[in-house]
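Shown below: upload38.tsv, with TSV, C-alpha atoms.
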```
chain	number	residue	atom	x	y	z
A	16	MET	CA	22.23	5.90	1.29
A	17	MET	CA	21.50	5.65	-2.41
A	18	ASP	CA	19.40	2.55	-1.81
A	19	TYR	CA	16.86	4.67	0.09
A	20	VAL	CA	16.79	7.19	-2.74
A	21	ILE	CA	16.13	4.35	-5.20
A	22	LEU	CA	13.43	3.00	-2.89
A	23	SER	CA	11.76	6.40	-2.86
A	24	ILE	CA	12.10	6.66	-6.66
A	25	ALA	CA	10.45	3.21	-6.98
A	26	LEU	CA	7.57	4.41	-4.77
A	27	LEU	CA	7.34	7.61	-6.81
A	28	ILE	CA	7.16	5.64	-10.07
A	29	ILE	CA	4.38	3.40	-8.70
A	30	GLY	CA	2.48	6.47	-7.44
A	31	VAL	CA	2.80	8.40	-10.71
A	32	TYR	CA	1.80	5.29	-12.69
A	33	GLY	CA	-1.32	4.91	-10.53
A	34	LEU	CA	-2.09	8.60	-10.89
A	35	LEU	CA	-1.88	8.42	-14.68
A	36	THR	CA	-3.60	5.10	-15.35
A	37	LYS	CA	-6.19	4.51	-12.62
A	38	ARG	CA	-9.57	6.16	-13.06
A	39	HIS	CA	-11.13	5.51	-9.67
A	40	LEU	CA	-10.75	8.48	-7.30
A	41	LEU	CA	-9.81	6.22	-4.37
A	42	LYS	CA	-6.89	4.89	-6.42
A	43	VAL	CA	-5.90	8.46	-7.24
A	44	PHE	CA	-5.92	9.19	-3.52
A	45	ILE	CA	-3.78	6.11	-2.78
A	46	SER	CA	-1.34	7.15	-5.52
A	47	VAL	CA	-1.03	10.64	-4.02
A	48	GLU	CA	-0.35	9.07	-0.60
A	49	LEU	CA	2.38	6.90	-2.15
A	50	ILE	CA	3.99	9.94	-3.79
A	51	ALA	CA	3.90	11.78	-0.45
A	52	THR	CA	5.47	8.77	1.31
A	53	ALA	CA	8.19	8.66	-1.36
A	54	ALA	CA	8.96	12.33	-0.78
A	55	THR	CA	9.01	12.15	3.01
A	56	LEU	CA	11.17	9.00	3.00
A	57	ASN	CA	14.08	11.08	1.71
A	58	PHE	CA	13.88	13.56	4.59
A	59	VAL	CA	14.48	10.92	7.22
A	60	MET	CA	16.79	8.56	5.39
A	61	LEU	CA	19.23	11.21	4.15
A	62	THR	CA	19.81	12.65	7.62
A	63	SER	CA	19.31	9.86	10.18
A	64	PRO	CA	22.75	8.17	9.65
A	65	GLN	CA	24.37	11.48	10.68
A	66	ASN	CA	22.11	11.63	13.74
A	67	LEU	CA	20.57	14.96	12.66
A	68	GLY	CA	17.08	15.93	13.73
A	69	VAL	CA	16.45	18.11	10.70
A	70	GLY	CA	15.07	15.25	8.62
A	71	GLU	CA	12.50	14.33	11.25
A	72	ALA	CA	11.58	17.99	11.73
A	73	PHE	CA	10.98	18.41	8.00
A	74	LEU	CA	9.01	15.15	8.02
A	75	VAL	CA	6.66	16.55	10.66
A	76	LEU	CA	6.20	19.73	8.61
A	77	ALA	CA	5.60	17.68	5.46
A	78	PHE	CA	3.00	15.57	7.27
A	79	SER	CA	1.04	18.75	8.06
A	80	THR	CA	0.70	19.65	4.38
A	81	ASP	CA	0.12	16.00	3.47
A	82	THR	CA	-2.83	15.86	5.87
A	83	CYS	CA	-4.33	19.00	4.30
A	84	VAL	CA	-3.97	17.51	0.81
A	85	SER	CA	-5.51	14.21	1.98
A	86	ALA	CA	-8.46	16.00	3.59
A	87	VAL	CA	-9.23	17.98	0.42
A	88	ILE	CA	-8.94	14.93	-1.87
A	89	LEU	CA	-11.09	12.81	0.44
A	90	ALA	CA	-13.73	15.55	0.66
A	91	LEU	CA	-13.81	15.74	-3.17
A	92	LEU	CA	-14.02	11.94	-3.38
A	93	ILE	CA	-17.00	11.75	-1.03
A	94	TYR	CA	-18.71	14.74	-2.65
A	95	VAL	CA	-18.34	13.42	-6.19
A	96	SER	CA	-19.39	9.87	-5.32
A	97	LYS	CA	-22.45	11.16	-3.41
A	98	LYS	CA	-23.52	13.63	-6.09
A	99	TYR	CA	-22.91	11.52	-9.21
A	100	GLY	CA	-23.15	8.01	-7.77
A	101	THR	CA	-19.74	7.06	-9.15
A	102	ALA	CA	-16.10	7.77	-8.36
A	103	ASP	CA	-14.84	6.77	-11.81
A	104	THR	CA	-13.28	9.77	-13.52
A	105	GLY	CA	-13.82	8.24	-16.98
A	106	GLU	CA	-17.52	7.89	-16.25
A	107	LEU	CA	-17.66	11.48	-14.96
A	108	VAL	CA	-16.00	12.79	-18.14
A	109	ARG	CA	-18.41	10.73	-20.27
A	110	ARG	CA	-21.42	12.18	-18.43
A	111	ASP	CA	-20.01	15.69	-18.78
A	112	LYS	CA	-19.64	15.22	-22.55
A	113	GLU	CA	-23.18	13.85	-22.78
A	114	TYR	CA	-24.47	16.83	-20.81
A	115	GLU	CA	-22.59	19.26	-23.10
A	116	SER	CA	-23.89	17.61	-26.27
A	117	HIS	CA	-27.41	17.66	-24.81
A	118	GLU	CA	-27.05	21.37	-24.05
A	119	GLU	CA	-25.82	22.07	-27.58
A	120	ALA	CA	-28.73	20.13	-29.08
A	121	ALA	CA	-31.19	22.09	-26.95
B	4	MET	CA	18.78	-7.80	6.29
B	5	ILE	CA	15.57	-6.66	8.02
B	6	ILE	CA	15.82	-3.26	6.33
B	7	GLU	CA	16.17	-4.89	2.89
B	8	ILE	CA	13.12	-7.08	3.56
B	9	LEU	CA	11.17	-4.01	4.69
B	10	ALA	CA	12.24	-2.09	1.56
B	11	ALA	CA	11.06	-4.95	-0.66
B	12	GLY	CA	7.83	-5.20	1.37
B	13	ILE	CA	7.14	-1.48	0.94
B	14	VAL	CA	7.45	-1.67	-2.84
B	15	VAL	CA	5.39	-4.88	-3.09
B	16	SER	CA	2.57	-3.53	-0.92
B	17	ALA	CA	2.64	-0.22	-2.83
B	18	CYS	CA	2.25	-2.18	-6.09
B	19	LEU	CA	-0.65	-4.13	-4.60
B	20	ALA	CA	-2.29	-0.91	-3.35
B	21	VAL	CA	-2.28	0.52	-6.86
B	22	PHE	CA	-3.06	-2.63	-8.88
B	23	VAL	CA	-5.67	-4.48	-6.77
B	24	ASP	CA	-9.13	-3.41	-7.93
B	25	GLU	CA	-11.12	-4.06	-4.73
B	26	ALA	CA	-11.07	-0.83	-2.66
B	27	VAL	CA	-10.83	-2.49	0.76
B	28	TYR	CA	-7.92	-4.74	-0.27
B	29	ALA	CA	-6.12	-1.76	-1.83
B	30	VAL	CA	-6.48	0.17	1.44
B	31	THR	CA	-5.18	-2.86	3.36
B	32	ALA	CA	-2.12	-2.96	1.09
B	33	LEU	CA	-1.63	0.77	1.70
B	34	ALA	CA	-1.78	0.01	5.45
B	35	GLY	CA	1.09	-2.42	4.88
B	36	THR	CA	3.09	0.30	3.12
B	37	PHE	CA	2.55	2.74	5.99
B	38	MET	CA	3.39	0.23	8.71
B	39	MET	CA	6.53	-1.00	6.97
B	40	THR	CA	7.67	2.58	6.34
B	41	SER	CA	7.16	3.26	10.03
B	42	LEU	CA	9.22	0.17	10.92
B	43	LEU	CA	11.93	1.26	8.47
B	44	TYR	CA	12.19	4.60	10.24
B	45	ALA	CA	12.32	2.88	13.64
B	46	PHE	CA	15.09	0.48	12.56
B	47	ASP	CA	17.03	3.41	11.13
B	48	GLY	CA	16.97	5.16	14.51
B	49	ALA	CA	14.42	7.86	13.63
B	50	VAL	CA	11.93	7.12	16.42
B	51	PHE	CA	10.01	10.40	16.20
B	52	ALA	CA	9.53	9.91	12.47
B	53	ALA	CA	8.35	6.33	13.06
B	54	VAL	CA	5.77	7.45	15.63
B	55	PHE	CA	4.49	10.29	13.41
B	56	GLN	CA	4.29	8.01	10.38
B	57	PHE	CA	2.41	5.39	12.41
B	58	VAL	CA	-0.07	7.88	13.84
B	59	LEU	CA	-0.70	9.56	10.49
B	60	GLY	CA	-1.00	6.18	8.78
B	61	VAL	CA	-3.56	4.91	11.29
B	62	GLY	CA	-5.62	8.10	10.97
B	63	THR	CA	-5.58	8.04	7.19
B	64	LEU	CA	-6.44	4.35	7.08
B	65	ALA	CA	-9.37	4.72	9.47
B	66	VAL	CA	-10.91	7.32	7.16
B	67	LEU	CA	-9.98	5.37	4.03
B	68	PHE	CA	-11.54	2.16	5.34
B	69	LEU	CA	-14.78	4.00	6.02
B	70	SER	CA	-14.86	5.68	2.60
B	71	GLY	CA	-13.61	2.51	0.91
B	72	GLU	CA	-16.41	0.55	2.55
B	73	THR	CA	-19.02	2.98	1.26
B	74	LEU	CA	-17.54	2.97	-2.24
B	75	SER	CA	-16.61	-0.69	-2.48
B	76	GLU	CA	-19.99	-1.90	-3.74
B	77	LYS	CA	-19.51	0.25	-6.84
B	78	THR	CA	-15.92	-0.84	-7.36
B	79	VAL	CA	-16.28	-4.60	-7.02
B	80	SER	CA	-14.91	-6.28	-10.10
B	81	ALA	CA	-13.80	-9.74	-11.12
B	82	LYS	CA	-11.51	-11.40	-8.59
B	83	PRO	CA	-7.89	-11.06	-9.72
B	84	SER	CA	-6.28	-14.32	-10.69
B	85	THR	CA	-3.36	-15.78	-8.74
B	86	LYS	CA	-1.18	-15.34	-11.81
B	87	SER	CA	-1.81	-11.58	-12.03
B	88	LEU	CA	-1.21	-11.21	-8.28
B	89	LEU	CA	2.09	-13.06	-8.65
B	90	VAL	CA	3.06	-10.78	-11.54
B	91	VAL	CA	2.35	-7.71	-9.37
B	92	VAL	CA	4.40	-9.11	-6.45
B	93	ALA	CA	7.26	-10.11	-8.77
B	94	SER	CA	7.33	-6.66	-10.37
B	95	GLY	CA	7.42	-5.12	-6.88
B	96	VAL	CA	10.37	-7.32	-5.88
B	97	LEU	CA	12.10	-6.45	-9.17
B	98	LEU	CA	11.59	-2.72	-8.56
B	99	SER	CA	13.00	-2.99	-5.04
B	100	LEU	CA	16.16	-4.87	-6.10
B	101	PRO	CA	18.20	-1.72	-6.90
B	102	ALA	CA	17.27	-0.31	-3.48
B	103	VAL	CA	18.53	-3.50	-1.85
B	104	LEU	CA	21.72	-3.89	-3.85
B	105	LEU	CA	23.07	-0.40	-4.58
B	106	THR	CA	24.87	1.75	-1.98
B	107	VAL	CA	26.92	4.95	-2.17
B	108	SER	CA	28.33	7.28	0.52
B	109	SER	CA	26.12	9.94	2.11
B	110	PRO	CA	26.53	13.75	1.97
B	111	LYS	CA	28.31	15.14	5.02
B	112	LYS	CA	27.06	18.68	5.67
B	113	THR	CA	23.59	20.16	6.18
B	114	ALA	CA	22.45	23.68	6.99
B	115	TYR	CA	20.73	22.64	10.24
B	116	SER	CA	22.26	20.61	13.03
B	117	GLY	CA	21.32	19.35	16.47
B	118	SER	CA	18.61	17.18	17.97
B	119	PHE	CA	15.01	16.93	16.81
B	120	SER	CA	13.74	19.53	19.31
B	121	GLN	CA	16.59	21.96	18.51
B	122	VAL	CA	15.93	21.76	14.78
B	123	LEU	CA	12.20	22.22	15.34
B	124	TRP	CA	13.01	25.40	17.26
B	125	GLN	CA	15.28	26.56	14.41
B	126	LEU	CA	12.48	25.87	11.95
B	127	ARG	CA	9.70	27.53	13.99
B	128	ALA	CA	9.01	30.11	11.24
B	129	ALA	CA	8.24	27.32	8.75
B	130	ASP	CA	6.22	25.57	11.44
B	131	VAL	CA	4.03	28.65	11.94
B	132	ILE	CA	3.42	28.96	8.18
B	133	ILE	CA	2.37	25.31	7.91
B	134	GLN	CA	0.14	25.62	10.97
B	135	GLY	CA	-1.49	28.56	9.15
B	136	LEU	CA	-2.04	26.30	6.13
B	137	VAL	CA	-3.71	23.66	8.32
B	138	VAL	CA	-5.96	26.26	9.96
B	139	LEU	CA	-6.82	27.68	6.50
B	140	THR	CA	-7.80	24.22	5.26
B	141	VAL	CA	-10.02	23.65	8.29
B	142	ALA	CA	-11.62	27.10	7.84
B	143	LEU	CA	-12.20	26.37	4.15
B	144	GLY	CA	-13.84	23.05	5.03
B	145	ILE	CA	-16.14	24.67	7.60
B	146	PHE	CA	-17.05	27.42	5.11
B	147	ILE	CA	-17.95	24.84	2.45
B	148	VAL	CA	-20.08	22.82	4.90
B	149	LEU	CA	-21.93	25.95	6.05
B	150	TYR	CA	-22.41	27.12	2.44
B	151	GLU	CA	-23.84	23.72	1.48
B	152	LYS	CA	-26.19	23.86	4.48
B	153	LYS	CA	-27.35	27.35	3.54
B	154	THR	CA	-27.89	26.34	-0.09
B	155	ARG	CA	-29.93	23.29	0.93
B	156	SER	CA	-32.05	25.24	3.42
B	157	GLY	CA	-32.64	27.88	0.68
B	158	GLU	CA	-33.98	25.19	-1.65
```

If you took the structure in this file and wrote it as structure tokens, what would it be?
Amino acid sequence: MMDYVILSIALLIIGVYGLLTKRHLLKVFISVELIATAATLNFVMLTSPQNLGVGEAFLVLAFSTDTCVSAVILALLIYVSKKYGTADTGELVRRDKEYESHEEAA
Amino acid sequence: MIIEILAAGIVVSACLAVFVDEAVYAVTALAGTFMMTSLLYAFDGAVFAAVFQFVLGVGTLAVLFLSGETLSEKTVSAKPSTKSLLVVVASGVLLSLPAVLLTVSSPKKTAYSGSFSQVLWQLRAADVIIQGLVVLTVALGIFIVLYEKKTRSGE
């Protein structure tokens, strides 16, 4: 049982690492998906050996919220990349700072 | 043995999804993570979970491939060397080793019991709330699209 928990912790670590270090919004999205997979893995794996349906039921409920989160992130990703021509958060922050300094100078 | 291989495969493909720079390859690695998670559920006897994971994974990947394709020309970078790829795969295998080797006993009691359909019926209140969240997200999306349209037509 614990091996599944460790597997989910490993996935969580990879997801959080990607979330903290990667600057491209698509990578951020992938990291969020990995974190969601790590969370939902526990629901199924902690209950399926006892033949309980509660884990699968919670998984279905978790998928509903996961889909909402994915839709919002993807919409932001497309919007930002269309409007600014880049999906790099570092580049977006740099442009924002440039814009602010330009405003202050004006 | 199959479950251990799948566990190692999940961690390796998750590592690749995060570390590979090319968007399309990263999405392909994420597809591997989803499919292997689905297989893990199926081998563990959770067939409903496997089907849901598969369906959700395919839907997400279809959208991600499309968006990844449109964004990939801006994200193309130098091709990763074989050495760095091997380091990523090795770190994935290393991370999955505890999951393969360690085992302890499982907890015995839970608040809900019964089959999948019985538990879903017991959890119908939570189901209604989450359905409300989904509907709210869809409504919010439609509102934003209409607002954007109105703003553009105003300009």

Open item on the list: So that I can check the surroundings of segment 7-23 of chain B, please list as a PyMOL selection string every protein, DNA and RNA residue that reaches within 9 Å of it, counting only C-alpha atoms and ignoring chain neighbours fewer than 5 positions away.
Closed with: (chain A and resi 19+22+25-26+29-30+32-33+37+42-43+45-46+49) or (chain B and resi 28-40+42-43+83+88+91-100+102-104)

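You will find atom CA of Asp103 of chain A at 26.8 Å from atom CA of Phe146 of chain B.
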
Task: Polymer residues at most 6 Å from segment 68-81 of chain A, all atoms listed in the file, same-chain spacing of 6 or more positions, as a PyMOL selection string - done: (chain A and resi 55+58-59+62) or (chain B and resi 52+118-119+122-123)

Open item on the list: One decimal, in Å: what's the spacing between atom CA of Ile133 of chain B and atom CA of Cys83 of chain A?
Closed with: 9.9 Å

Task: Pick from B:Leu59, B:Leu69, B:Trp124, B:Asp24 nearest to Ser41 of chain B, counting only C-alpha atoms - done: B:Leu59

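With distances taken over only C-alpha atoms, A:Leu56 is the one residue among A:Ala51, A:Ala121, A:Leu56, A:Leu107 lying closest to chain B.
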
- [ ] Report the distance between atom CA of Arg127 of chain B and atom CA of Val141 of chain B in Å, rounded to one decimal place.
- [x] 20.9 Å

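Distance annotation: of A:Met60, A:Thr36, A:Tyr114, A:Lys97, the residue with the minimal separation from Asp18 of chain A is A:Met60; atom set is all atoms listed in the file.
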